[in-house]
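Structure below is entry-v2.cif: mmCIF, C-alpha atoms and all ligand atoms.
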data_model
#
loop_
_atom_site.label_atom_id
_atom_site.label_comp_id
_atom_site.auth_asym_id
_atom_site.auth_seq_id
_atom_site.Cartn_x
_atom_site.Cartn_y
_atom_site.Cartn_z
CA MET H 636 112.02 87.04 87.04
CA ILE H 637 110.40 87.86 90.39
CA TYR H 638 112.33 86.21 93.20
CA MET H 639 110.84 85.08 96.50
CA LYS H 640 111.79 87.52 99.22
CA SER H 641 113.01 86.52 102.65
CA ILE H 642 110.35 85.00 104.89
CA LYS H 643 111.28 87.83 107.28
CA THR H 644 109.43 90.29 105.04
CA LEU H 645 106.20 88.30 105.33
CA PHE H 646 105.97 88.42 109.13
CA LYS H 647 105.88 92.10 110.06
CA ILE H 648 105.35 93.22 113.64
CA GLY H 649 103.18 96.32 113.97
CA HIS H 650 99.84 97.88 114.82
CA GLY H 651 96.54 96.55 113.44
CA PRO H 652 93.85 96.52 112.28
CA SER H 653 94.90 96.13 108.63
CA SER H 654 98.23 95.43 106.93
CA SER H 655 97.08 96.95 103.63
CA HIS H 656 94.95 99.79 105.06
CA THR H 657 96.91 100.66 108.24
CA MET H 658 100.47 99.25 108.19
CA GLY H 659 101.22 99.90 104.48
CA PRO H 660 99.91 103.52 104.53
CA GLY H 661 101.78 103.98 107.84
CA PHE H 662 105.09 102.78 106.33
CA ALA H 663 104.50 105.02 103.28
CA SER H 664 103.77 108.06 105.47
CA GLU H 665 106.94 107.49 107.53
CA ARG H 666 109.03 107.41 104.36
CA ILE H 667 107.34 110.52 102.95
CA LYS H 668 107.74 112.39 106.27
CA LYS H 669 111.50 111.72 106.12
CA MET H 670 111.64 113.01 102.52
CA TYR H 671 109.52 116.10 103.30
CA PRO H 672 109.86 116.91 107.02
CA ASN H 673 108.29 120.41 107.01
CA HIS H 674 105.57 120.13 104.42
CA SER H 675 101.81 119.75 104.32
CA PHE H 676 99.97 117.05 102.42
CA ILE H 677 96.71 116.17 100.70
CA VAL H 678 96.29 112.41 100.51
CA THR H 679 93.85 110.89 98.02
CA LEU H 680 92.69 107.42 99.00
CA TYR H 681 91.43 105.30 96.11
CA ASN H 682 88.86 102.51 95.85
CA SER H 683 89.01 100.05 98.76
CA LEU H 684 91.01 102.55 100.83
CA ALA H 685 88.35 105.20 100.15
CA LEU H 686 85.47 102.87 100.99
CA THR H 687 86.79 101.06 104.08
CA GLY H 688 89.71 103.25 105.16
CA GLU H 689 87.76 104.87 107.99
CA GLY H 690 86.88 101.56 109.67
CA HIS H 691 90.43 100.34 109.07
CA LEU H 692 91.89 103.53 110.70
CA THR H 693 93.79 104.52 107.51
CA ASN H 694 93.26 108.27 108.00
CA GLU H 695 94.22 108.11 111.69
CA VAL H 696 97.54 106.36 111.11
CA ILE H 697 98.51 108.78 108.30
CA LYS H 698 97.49 111.82 110.36
CA ASP H 699 99.50 110.60 113.35
CA ILE H 700 102.65 110.59 111.21
CA LEU H 701 102.22 113.46 108.73
CA LYS H 702 100.30 115.78 111.13
CA ASP H 703 99.47 118.58 108.60
CA VAL H 704 97.32 116.54 106.25
CA SER H 705 93.85 116.48 104.70
CA PHE H 706 92.13 113.68 102.80
CA LYS H 707 90.14 113.05 99.65
CA GLY H 708 88.46 109.86 98.47
CA ALA H 709 88.25 108.68 94.85
CA LEU H 710 86.78 105.71 93.01
CA ASN H 711 88.41 104.61 89.77
CA PRO H 712 88.16 100.98 88.63
CA ASN H 713 91.20 101.50 86.37
CA LYS H 714 93.43 102.20 89.36
CA HIS H 715 94.81 99.71 91.89
CA PRO H 716 92.27 98.94 94.68
CA ASN H 717 94.70 100.20 97.33
CA LEU H 718 96.26 103.30 95.74
CA LEU H 719 97.27 106.43 97.70
CA ILE H 720 98.41 109.68 96.09
CA PHE H 721 100.34 112.01 98.38
CA ALA H 722 100.31 115.63 97.10
CA VAL H 723 103.15 117.52 98.84
CA PHE H 724 102.89 121.29 99.55
CA LYS H 725 105.31 123.95 100.80
CA ASP H 726 104.02 127.47 101.57
CA GLY H 727 100.79 126.65 99.76
CA LYS H 728 102.57 125.54 96.54
CA LYS H 729 102.50 121.95 95.32
CA THR H 730 106.07 120.63 95.15
CA ASP H 731 105.65 116.93 94.49
CA GLU H 732 103.19 114.08 94.03
CA ILE H 733 103.93 110.51 95.08
CA GLU H 734 101.90 107.43 94.16
CA VAL H 735 101.99 104.55 96.59
CA VAL H 736 100.30 101.18 96.17
CA SER H 737 99.63 99.19 99.32
CA LEU H 738 100.13 95.65 98.07
CA GLY H 739 98.91 93.70 101.11
CA GLY H 740 100.71 92.29 104.14
CA GLY H 741 102.23 95.76 104.78
CA ASP H 742 104.22 95.73 101.49
CA ILE H 743 104.24 99.02 99.55
CA LEU H 744 105.26 100.12 96.07
CA PHE H 745 106.51 103.73 95.63
CA ASN H 746 106.00 105.49 92.28
CA ASN H 747 105.98 102.10 90.54
CA GLU H 748 109.68 101.64 91.39
CA ILE H 749 110.16 97.90 91.23
CA LYS H 750 113.30 97.19 93.17
CA GLU H 751 115.19 94.06 92.30
CA ASP H 752 114.29 91.53 94.99
CA GLU H 753 117.01 89.81 96.94
CA LYS H 754 117.94 86.73 94.95
CA LEU H 755 117.60 84.41 97.90
CA TYR H 756 115.49 81.56 96.61
CA PRO H 757 116.31 79.97 93.25
CA HIS H 758 112.85 78.36 93.04
CA LYS H 759 109.50 79.99 92.49
CA SER H 760 106.87 77.29 93.04
CA PHE H 761 106.23 74.53 95.55
CA ASP H 762 106.64 71.90 92.80
CA GLU H 763 110.21 73.09 92.27
CA ILE H 764 110.93 73.22 96.00
CA ARG H 765 109.43 69.79 96.72
CA ASN H 766 111.35 68.18 93.86
CA TYR H 767 114.59 69.83 94.94
CA CYS H 768 114.15 68.67 98.56
CA LEU H 769 113.25 65.09 97.57
CA LYS H 770 116.12 64.86 95.06
CA ASN H 771 118.66 66.16 97.56
CA LYS H 772 117.11 64.34 100.54
CA ILE H 773 116.72 67.49 102.62
CA SER H 774 113.78 68.70 104.72
CA LEU H 775 111.83 71.91 104.13
CA VAL H 776 113.53 73.42 107.17
CA ASP H 777 116.98 72.58 105.76
CA TYR H 778 115.87 74.12 102.47
CA ILE H 779 114.84 77.38 104.16
CA LYS H 780 118.09 77.44 106.18
CA LYS H 781 120.07 76.96 102.97
CA TYR H 782 118.47 79.82 101.05
CA ASP H 783 116.95 82.42 103.40
CA SER H 784 118.93 85.10 105.26
CA ASP H 785 121.27 84.02 108.07
CA ASP H 786 119.32 85.83 110.78
CA LEU H 787 115.90 84.48 109.76
CA PHE H 788 115.52 82.02 112.64
CA LEU H 789 116.57 84.65 115.22
CA TYR H 790 113.92 86.98 113.80
CA LEU H 791 111.31 84.20 113.83
CA GLU H 792 111.89 83.74 117.54
CA GLU H 793 111.06 87.42 118.02
CA VAL H 794 107.97 86.92 115.86
CA TYR H 795 106.79 83.93 117.89
CA ASN H 796 107.42 85.77 121.17
CA GLN H 797 105.25 88.63 119.92
CA MET H 798 102.52 86.20 118.84
CA ILE H 799 102.39 84.73 122.36
CA LYS H 800 102.48 88.19 123.93
CA THR H 801 99.52 89.29 121.80
CA ILE H 802 97.53 86.16 122.73
CA LYS H 803 98.18 86.73 126.45
CA THR H 804 97.38 90.45 126.26
CA GLY H 805 94.10 89.93 124.44
CA ILE H 806 92.81 87.18 126.74
CA LYS H 807 92.83 89.53 129.73
CA LYS H 808 90.73 92.26 128.11
CA LYS H 809 86.96 92.69 128.43
CA GLY H 810 84.49 95.27 127.12
CA LEU H 811 83.76 96.61 123.65
CA LEU H 812 86.06 96.91 120.67
CA PRO H 813 86.55 100.43 119.26
CA GLY H 814 84.09 101.71 116.64
CA ASN H 815 80.38 102.07 116.03
CA LEU H 816 79.66 98.35 115.72
CA LYS H 817 79.88 97.90 119.52
CA VAL H 818 81.30 94.40 119.20
CA GLU H 819 82.00 92.71 122.51
CA ARG H 820 85.45 91.19 123.14
CA LYS H 821 84.93 87.43 123.49
CA ALA H 822 88.39 85.87 124.03
CA HIS H 823 88.10 86.21 127.79
CA LYS H 824 84.65 84.59 127.79
CA LEU H 825 85.90 81.66 125.69
CA TYR H 826 88.92 81.25 127.95
CA GLU H 827 86.81 81.05 131.10
CA SER H 828 84.51 78.57 129.42
CA ALA H 829 87.48 76.40 128.34
CA LEU H 830 88.86 76.29 131.87
CA LYS H 831 85.53 74.95 133.18
CA GLN H 832 85.21 72.33 130.44
CA GLU H 833 85.66 68.70 131.55
CA ASP H 834 85.82 67.16 128.08
CA VAL H 835 89.53 67.52 127.16
CA ASN H 836 88.93 67.66 123.41
CA LEU H 837 86.31 70.37 123.72
CA LYS H 838 88.49 72.24 126.18
CA ASN H 839 91.47 72.20 123.79
CA ARG H 840 89.42 73.24 120.79
CA THR H 841 87.85 76.09 122.79
CA LEU H 842 91.36 77.20 123.77
CA LEU H 843 92.35 77.18 120.10
CA SER H 844 89.41 79.49 119.30
CA THR H 845 90.28 81.62 122.34
CA TYR H 846 93.78 82.27 120.99
CA ALA H 847 92.48 83.20 117.53
CA PHE H 848 89.86 85.55 119.02
CA SER H 849 92.42 87.09 121.34
CA VAL H 850 94.86 88.06 118.56
CA SER H 851 92.08 89.19 116.21
CA GLU H 852 90.53 91.36 118.93
CA GLU H 853 93.91 92.92 119.66
CA ASN H 854 94.23 93.57 115.94
CA ALA H 855 90.75 95.12 115.72
CA SER H 856 91.65 97.51 118.53
CA GLY H 857 94.93 98.66 116.95
CA GLY H 858 97.12 96.47 119.22
CA ILE H 859 100.45 94.97 118.16
CA VAL H 860 100.20 91.88 115.98
CA VAL H 861 102.26 89.98 113.43
CA THR H 862 101.12 89.92 109.79
CA ALA H 863 100.56 86.22 109.17
CA PRO H 864 100.31 86.94 106.31
CA THR H 865 98.06 89.99 106.97
CA CYS H 866 96.62 91.76 110.00
CA GLY H 867 93.03 90.70 109.23
CA ALA H 868 94.13 87.06 109.26
CA SER H 869 96.71 87.46 112.03
CA GLY H 870 94.94 85.24 114.58
CA ILE H 871 95.11 81.89 112.76
CA LEU H 872 98.80 80.95 112.74
CA PRO H 873 99.58 82.09 116.34
CA ALA H 874 96.51 80.18 117.59
CA VAL H 875 97.53 76.96 115.84
CA LEU H 876 101.20 77.19 116.92
CA TYR H 877 100.39 78.01 120.54
CA TYR H 878 97.71 75.30 120.67
CA ALA H 879 100.11 72.72 119.20
CA ALA H 880 102.91 73.70 121.60
CA ASP H 881 100.59 73.56 124.58
CA THR H 882 98.67 70.36 123.86
CA ASN H 883 101.67 68.37 122.57
CA ASN H 884 104.41 69.82 124.76
CA ILE H 885 106.48 70.80 121.74
CA LYS H 886 109.81 72.60 122.27
CA LYS H 887 110.20 76.17 121.04
CA ASP H 888 112.88 75.32 118.43
CA LYS H 889 110.44 73.06 116.64
CA ILE H 890 107.70 75.68 116.78
CA ILE H 891 110.10 78.18 115.19
CA ASN H 892 110.78 75.65 112.42
CA ALA H 893 107.02 75.32 111.91
CA LEU H 894 106.75 79.09 111.67
CA ALA H 895 109.44 79.06 108.96
CA ILE H 896 107.49 76.42 107.01
CA ALA H 897 104.30 78.48 107.31
CA GLY H 898 106.33 81.43 105.99
CA LEU H 899 107.57 79.43 103.01
CA PHE H 900 103.98 78.61 101.96
CA GLY H 901 102.88 82.22 102.54
CA ASN H 902 105.82 83.41 100.47
CA ILE H 903 104.83 81.21 97.53
CA ILE H 904 101.26 82.55 97.69
CA ARG H 905 102.55 86.14 97.88
CA ARG H 906 104.85 85.60 94.89
CA ASN H 907 102.48 83.66 92.63
CA ALA H 908 99.08 85.10 93.61
CA THR H 909 98.13 87.68 96.25
CA ILE H 910 97.64 87.96 100.00
CA SER H 911 95.53 91.12 99.72
CA GLY H 912 91.77 91.06 100.42
CA ALA H 913 91.30 94.09 98.13
CA VAL H 914 92.84 92.15 95.23
CA GLY H 915 91.66 88.58 95.86
CA GLY H 916 88.92 88.69 98.52
CA CYS H 917 89.18 87.01 101.91
CA GLN H 918 90.34 83.72 100.34
CA ALA H 919 93.66 85.56 99.81
CA GLU H 920 93.89 86.56 103.48
CA VAL H 921 92.17 83.98 105.68
CA GLY H 922 92.58 81.26 103.02
CA SER H 923 96.34 81.92 102.85
CA ALA H 924 96.68 82.08 106.64
CA CYS H 925 94.78 78.78 107.01
CA SER H 926 97.03 77.18 104.39
CA MET H 927 100.16 78.39 106.21
CA ALA H 928 98.85 77.17 109.57
CA ALA H 929 97.86 73.77 108.14
CA ALA H 930 101.40 73.31 106.75
CA ALA H 931 102.92 74.31 110.11
CA TYR H 932 100.66 71.95 112.05
CA ALA H 933 101.33 69.06 109.65
CA TYR H 934 105.07 69.60 110.15
CA LEU H 935 104.62 69.60 113.94
CA MET H 936 102.70 66.32 113.73
CA GLY H 937 105.68 64.76 111.89
CA GLU H 938 104.08 64.66 108.44
CA SER H 939 106.17 64.25 105.25
CA ILE H 940 106.79 66.97 102.63
CA GLU H 941 103.92 65.61 100.49
CA GLN H 942 101.58 65.51 103.49
CA ILE H 943 102.54 69.07 104.49
CA GLU H 944 101.86 70.22 100.93
CA TYR H 945 98.50 68.43 100.86
CA ALA H 946 97.49 69.99 104.20
CA ALA H 947 98.26 73.47 102.81
CA GLU H 948 96.36 72.63 99.60
CA ILE H 949 93.22 71.39 101.41
CA ALA H 950 93.19 74.46 103.65
CA MET H 951 93.27 76.81 100.66
CA GLU H 952 90.88 74.76 98.51
CA HIS H 953 88.04 75.11 100.99
CA HIS H 954 88.37 78.86 101.23
CA LEU H 955 88.07 79.40 97.47
CA GLY H 956 85.59 82.14 96.62
CA LEU H 957 85.55 83.56 100.15
CA THR H 958 84.53 87.20 99.88
CA CYS H 959 85.63 90.19 101.92
CA ASP H 960 82.65 92.21 103.19
CA PRO H 961 83.61 93.72 106.56
CA VAL H 962 80.55 95.22 108.25
CA MET H 963 80.86 99.05 108.41
CA GLY H 964 84.45 98.63 107.21
CA TYR H 965 85.72 97.40 110.59
CA VAL H 966 88.05 94.40 110.73
CA GLN H 967 85.64 92.79 113.20
CA ILE H 968 82.64 91.09 111.56
CA PRO H 969 83.22 88.59 109.93
CA CYS H 970 86.99 88.78 110.45
CA ILE H 971 87.42 87.83 114.12
CA GLU H 972 85.18 84.76 114.16
CA ARG H 973 86.52 83.75 110.75
CA ASN H 974 90.05 83.51 112.21
CA ALA H 975 88.84 81.04 114.85
CA VAL H 976 86.98 78.91 112.29
CA ALA H 977 90.06 78.87 110.02
CA ALA H 978 92.32 77.80 112.90
CA LEU H 979 90.09 74.76 113.46
CA ARG H 980 90.02 74.12 109.71
CA ALA H 981 93.84 74.20 109.50
CA ILE H 982 94.06 71.35 111.99
CA ASN H 983 91.31 69.46 110.19
CA ALA H 984 93.20 69.88 106.87
CA SER H 985 96.42 68.49 108.31
CA GLU H 986 94.57 65.52 109.85
CA LEU H 987 92.99 64.68 106.48
CA ALA H 988 96.35 65.06 104.73
CA LEU H 989 97.97 62.60 107.11
CA ILE H 990 95.66 59.80 105.95
CA LEU H 991 94.66 60.76 102.41
CA PHE H 992 97.79 62.28 100.85
CA GLU H 993 98.37 59.38 98.44
CA THR H 994 94.95 59.96 96.87
CA ARG H 995 95.40 63.64 96.08
CA LYS H 996 95.00 65.07 92.60
CA ILE H 997 95.50 68.79 93.21
CA SER H 998 98.89 70.30 94.03
CA PHE H 999 99.55 73.37 96.16
CA ASP H 1000 100.66 75.36 93.11
CA MET H 1001 97.42 74.48 91.30
CA ILE H 1002 95.27 75.74 94.18
CA VAL H 1003 97.29 78.95 94.51
CA GLU H 1004 96.76 79.66 90.81
CA THR H 1005 93.04 78.83 91.20
CA MET H 1006 92.72 81.19 94.16
CA TYR H 1007 94.36 83.99 92.18
CA GLN H 1008 92.17 83.51 89.09
CA THR H 1009 89.05 83.29 91.29
CA GLY H 1010 90.11 86.54 92.98
CA LEU H 1011 90.57 88.30 89.65
CA ASP H 1012 87.14 87.09 88.49
CA MET H 1013 85.42 88.15 91.72
CA ASP H 1014 83.12 91.19 91.53
CA PRO H 1015 85.15 94.13 92.94
CA LYS H 1016 82.38 94.94 95.43
CA TYR H 1017 83.27 91.72 97.29
CA LYS H 1018 86.90 92.78 97.71
CA GLU H 1019 87.20 94.94 100.82
CA THR H 1020 84.72 97.65 99.86
CA SER H 1021 81.88 97.00 102.34
CA GLU H 1022 79.54 97.49 99.35
CA ALA H 1023 78.08 93.98 99.24
CA GLY H 1024 77.21 90.91 101.27
CA MET H 1025 76.86 91.18 105.02
CA ALA H 1026 78.05 94.77 105.03
CA THR H 1027 75.08 95.98 102.92
CA ILE H 1028 72.46 93.74 104.55
CA TYR H 1029 73.56 94.94 107.99
CA LYS H 1030 73.45 98.58 106.82
CA GLU H 1031 69.92 98.17 105.43
CA LEU H 1032 68.64 96.54 108.64
CA GLU H 1033 70.19 99.31 110.73
CA LYS H 1034 68.49 101.93 108.53
CA LYS H 1035 65.09 100.25 109.00
CA LYS H 1036 65.55 100.32 112.79
CA GLN H 1037 66.03 104.11 112.77
S1 LIG O 1 86.76 89.79 105.60
FE1 LIG O 1 88.80 88.78 105.47
S2 LIG O 1 89.95 89.95 103.93
FE2 LIG O 1 88.19 91.19 104.56
S3 LIG O 1 88.98 92.56 106.17
FE3 LIG O 1 88.11 90.71 107.17
S4 LIG O 1 89.84 89.27 107.38
FE4 LIG O 1 90.50 90.86 105.91
#

Can the structure in the file be given as structure tokens, please?
Amino acid sequence: MIYMKSIKTLFKIGHGPSSSHTMGPGFASERIKKMYPNHSFIVTLYNSLALTGEGHLTNEVIKDILKDVSFKGALNPNKHPNLLIFAVFKDGKKTDEIEVVSLGGGDILFNNEIKEDEKLYPHKSFDEIRNYCLKNKISLVDYIKKYDSDDLFLYLEEVYNQMIKTIKTGIKKKGLLPGNLKVERKAHKLYESALKQEDVNLKNRTLLSTYAFSVSEENASGGIVVTAPTCGASGILPAVLYYAADTNNIKKDKIINALAIAGLFGNIIRRNATISGAVGGCQAEVGSACSMAAAAYAYLMGESIEQIEYAAEIAMEHHLGLTCDPVMGYVQIPCIERNAVAALRAINASELALILFETRKISFDMIVETMYQTGLDMDPKYKETSEAGMATIYKELEKKKQ
């Protein structure tokens, strides 16, 4: 039985631009450096890491930690899309070899050691959780407080503070993002436009997009973000929470509760499907983040457990099949704009759920299973390889220009 881990492990604070390609390899390198402090290394990056690692700064983060290291790339469809093999050397002789899988959201698996998860949650699906809450007449927040770790809500306050800090940092910055794509930072431009806007609705919606752009641009430039549930999709939940707090004057305690609810939905997706773009395409990253944000927003608008569930379901349903094809391997196009569109969609999903929840036919668990199966069926070239879609069309057009 795989248990659901603490929500704390879903929201990791660290450097972007990618939880699977930067944070996970970074965590692995730190652990290996402690095990072998005076050694040299050859790291083989497999599949998605080999194809998009450069744009995702994988090599840079590993080099920063291990120092004496060289790299190889390898493609093998029989291996995990995000596998790293660390060959360890002392005085020119190989002394060890460690396999690490970067699972997504910064989670890593060392040498296939499956550690017994903390047995925090007794339930494994939203159906079970909903039924338990309704039977015992408790809210989702009470449920999380009952089963998650005692210090969860303290940690979530730290998480929310970091989300706000990242939004505020990103809004101030102008100029180009790092890398050969020469993408302009746009959060500042959106913010200035919002401030001039007289139509309140348009102003608020532009602010929502501003926040999503701001976090995603910080992520793309290696700034500090929170995995929500990943770095690539880290702009959606902070944007929706900050927008809701600002436009509805909601107190921080309630926002922290909403963050916990978002975490619960993300945790179910992580346990029963995947949150990794290399395993399930962008539906697993931006789709999951949108689902989490829709649940959080529905809670903040006072919606019931069924309405919250329906909001999360709608948000995921309309991301099904979404591919991952980052141009030149950078977490910039389509990622940044996609975060802003998903933030708007999360609010739209919760508004539909408020009115239509009694008509629904699809549960959250059904859509999570559908997303996972769709991800497994998806052609591997659409899963964080930059070998299809926009990434290839852009490359061909650039070649013609030369
Ligand atoms: S397209 Fe989506 S899954 Fe792929 S890198 Fe960008 S945000 Fe992540």

(request) Tell me, as a VMD selection string, which residues lie within 9 Å of Tyr878 in chain H, counting all atoms listed in the file; anything in the same chain fewer than 3 positions away does not count. (result) chain H and resid 839 to 840 842 to 843 846 873 to 875 881 to 883

(message) Could you tell me how far CA of Met1025 in chain H sits from CA of Ser655 in chain H, in Å to one decimal place?
(response)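 Here the two named atoms are 21.1 Å from each other.
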
(request) Compare H:Thr994, H:Asn746, H:Thr1005, H:Ser654 by their minimum atom-to-atom distance to ligand LIG 1 (chain O), counting only C-alpha atoms and all ligand atoms, and give me the closest one. (result)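 Nearest to ligand LIG 1 (chain O): H:Ser654.
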
Taking all atoms listed in the file into account, produce a table as JSON lines in which each residue of chain H with an atom at most 8 Å from an atom of ligand LIG 1 (chain O) appears once, together with its shortest atom pair and the distance in Å to one decimal, ordered by chain and rising number.
{"residue": "H:Ser653", "atom": "CA", "partner": "O:LIG1", "partner_atom": "S3", "distance": 7.3}
{"residue": "H:Thr865", "atom": "CA", "partner": "O:LIG1", "partner_atom": "FE4", "distance": 7.7}
{"residue": "H:Cys866", "atom": "CA", "partner": "O:LIG1", "partner_atom": "FE4", "distance": 7.4}
{"residue": "H:Gly867", "atom": "CA", "partner": "O:LIG1", "partner_atom": "S4", "distance": 4.0}
{"residue": "H:Ala868", "atom": "CA", "partner": "O:LIG1", "partner_atom": "S4", "distance": 5.2}
{"residue": "H:Ser911", "atom": "CA", "partner": "O:LIG1", "partner_atom": "S2", "distance": 7.1}
{"residue": "H:Gly912", "atom": "CA", "partner": "O:LIG1", "partner_atom": "S2", "distance": 4.1}
{"residue": "H:Ala913", "atom": "CA", "partner": "O:LIG1", "partner_atom": "S2", "distance": 7.3}
{"residue": "H:Gly916", "atom": "CA", "partner": "O:LIG1", "partner_atom": "S2", "distance": 5.6}
{"residue": "H:Cys917", "atom": "CA", "partner": "O:LIG1", "partner_atom": "S2", "distance": 3.6}
{"residue": "H:Gln918", "atom": "CA", "partner": "O:LIG1", "partner_atom": "S2", "distance": 7.2}
{"residue": "H:Ala919", "atom": "CA", "partner": "O:LIG1", "partner_atom": "S2", "distance": 7.1}
{"residue": "H:Glu920", "atom": "CA", "partner": "O:LIG1", "partner_atom": "S2", "distance": 5.2}
{"residue": "H:Val921", "atom": "CA", "partner": "O:LIG1", "partner_atom": "FE1", "distance": 5.9}
{"residue": "H:Thr958", "atom": "CA", "partner": "O:LIG1", "partner_atom": "S1", "distance": 6.7}
{"residue": "H:Cys959", "atom": "CA", "partner": "O:LIG1", "partner_atom": "FE2", "distance": 3.8}
{"residue": "H:Asp960", "atom": "CA", "partner": "O:LIG1", "partner_atom": "S1", "distance": 5.3}
{"residue": "H:Pro961", "atom": "CA", "partner": "O:LIG1", "partner_atom": "S1", "distance": 5.1}
{"residue": "H:Gly964", "atom": "CA", "partner": "O:LIG1", "partner_atom": "S3", "distance": 7.6}
{"residue": "H:Tyr965", "atom": "CA", "partner": "O:LIG1", "partner_atom": "S3", "distance": 7.3}
{"residue": "H:Val966", "atom": "CA", "partner": "O:LIG1", "partner_atom": "S3", "distance": 5.0}
{"residue": "H:Gln967", "atom": "CA", "partner": "O:LIG1", "partner_atom": "FE3", "distance": 6.8}
{"residue": "H:Ile968", "atom": "CA", "partner": "O:LIG1", "partner_atom": "FE3", "distance": 7.0}
{"residue": "H:Pro969", "atom": "CA", "partner": "O:LIG1", "partner_atom": "S1", "distance": 5.7}
{"residue": "H:Cys970", "atom": "CA", "partner": "O:LIG1", "partner_atom": "FE3", "distance": 4.0}
{"residue": "H:Ile971", "atom": "CA", "partner": "O:LIG1", "partner_atom": "S4", "distance": 7.3}
{"residue": "H:Arg973", "atom": "CA", "partner": "O:LIG1", "partner_atom": "S4", "distance": 7.3}
{"residue": "H:Asn974", "atom": "CA", "partner": "O:LIG1", "partner_atom": "S4", "distance": 7.5}
{"residue": "H:Lys1018", "atom": "CA", "partner": "O:LIG1", "partner_atom": "FE2", "distance": 7.1}
{"residue": "H:Glu1019", "atom": "CA", "partner": "O:LIG1", "partner_atom": "FE2", "distance": 5.4}

(request) Could you tell me how far CA of Leu791 in chain H lies from CA of Asp762 in chain H, in Å and to one decimal? (result) 24.8 Å

(request) Mind giving me the straight-line distance from CA of Ser849 in chain H to CA of Ala880 in chain H in Å, one decimal? (result)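 Separating CA of Ser849 in chain H from CA of Ala880 in chain H is a distance of 17.0 Å.
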
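Minimum atom-to-atom distance to Met1001 in chain H, evaluated using all atoms listed in the file, belongs to H:Ser760 out of H:Thr1027, H:Asn713, H:Thr693, H:Ser760.
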
(message) When you count only C-alpha atoms, which of these residues is closest to Phe788 in chain H: H:Leu872, H:Ile642, H:Lys803, H:Gly661?
(response) H:Ile642

(message) I'd like the contact shell of His715 in chain H - 10 Å cut-off, all atoms listed in the file, skipping same-chain residues fewer than 3 positions apart - returned as a PyMOL selection string.
(response) chain H and resi 681-683+711-712+718-719+735-738+913-914

Would you compute an axis-aligned box for range 1015-1025 of chain H, covering every atom listed for it in the file with 3 Å of margin on each side, and report centre and edge lengths in Å to one decimal as JSON?
{"center_x": 82.0, "center_y": 94.3, "center_z": 99.0, "size_x": 16.3, "size_y": 12.7, "size_z": 18.1}

(message) Taking all atoms listed in the file into account, name the residue in H:Ile700, H:Ile733, H:Leu987, H:Met1006 that is nearest to Thr909 in chain H.
(response)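 Ranking H:Ile700, H:Ile733, H:Leu987, H:Met1006 by distance to Thr909 in chain H, first place goes to H:Met1006.
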
(message) When you count all atoms listed in the file, which of these residues is closest to Tyr826 in chain H: H:Ser675, H:Ser869, H:Gln1008, H:Thr841?
(response) H:Thr841
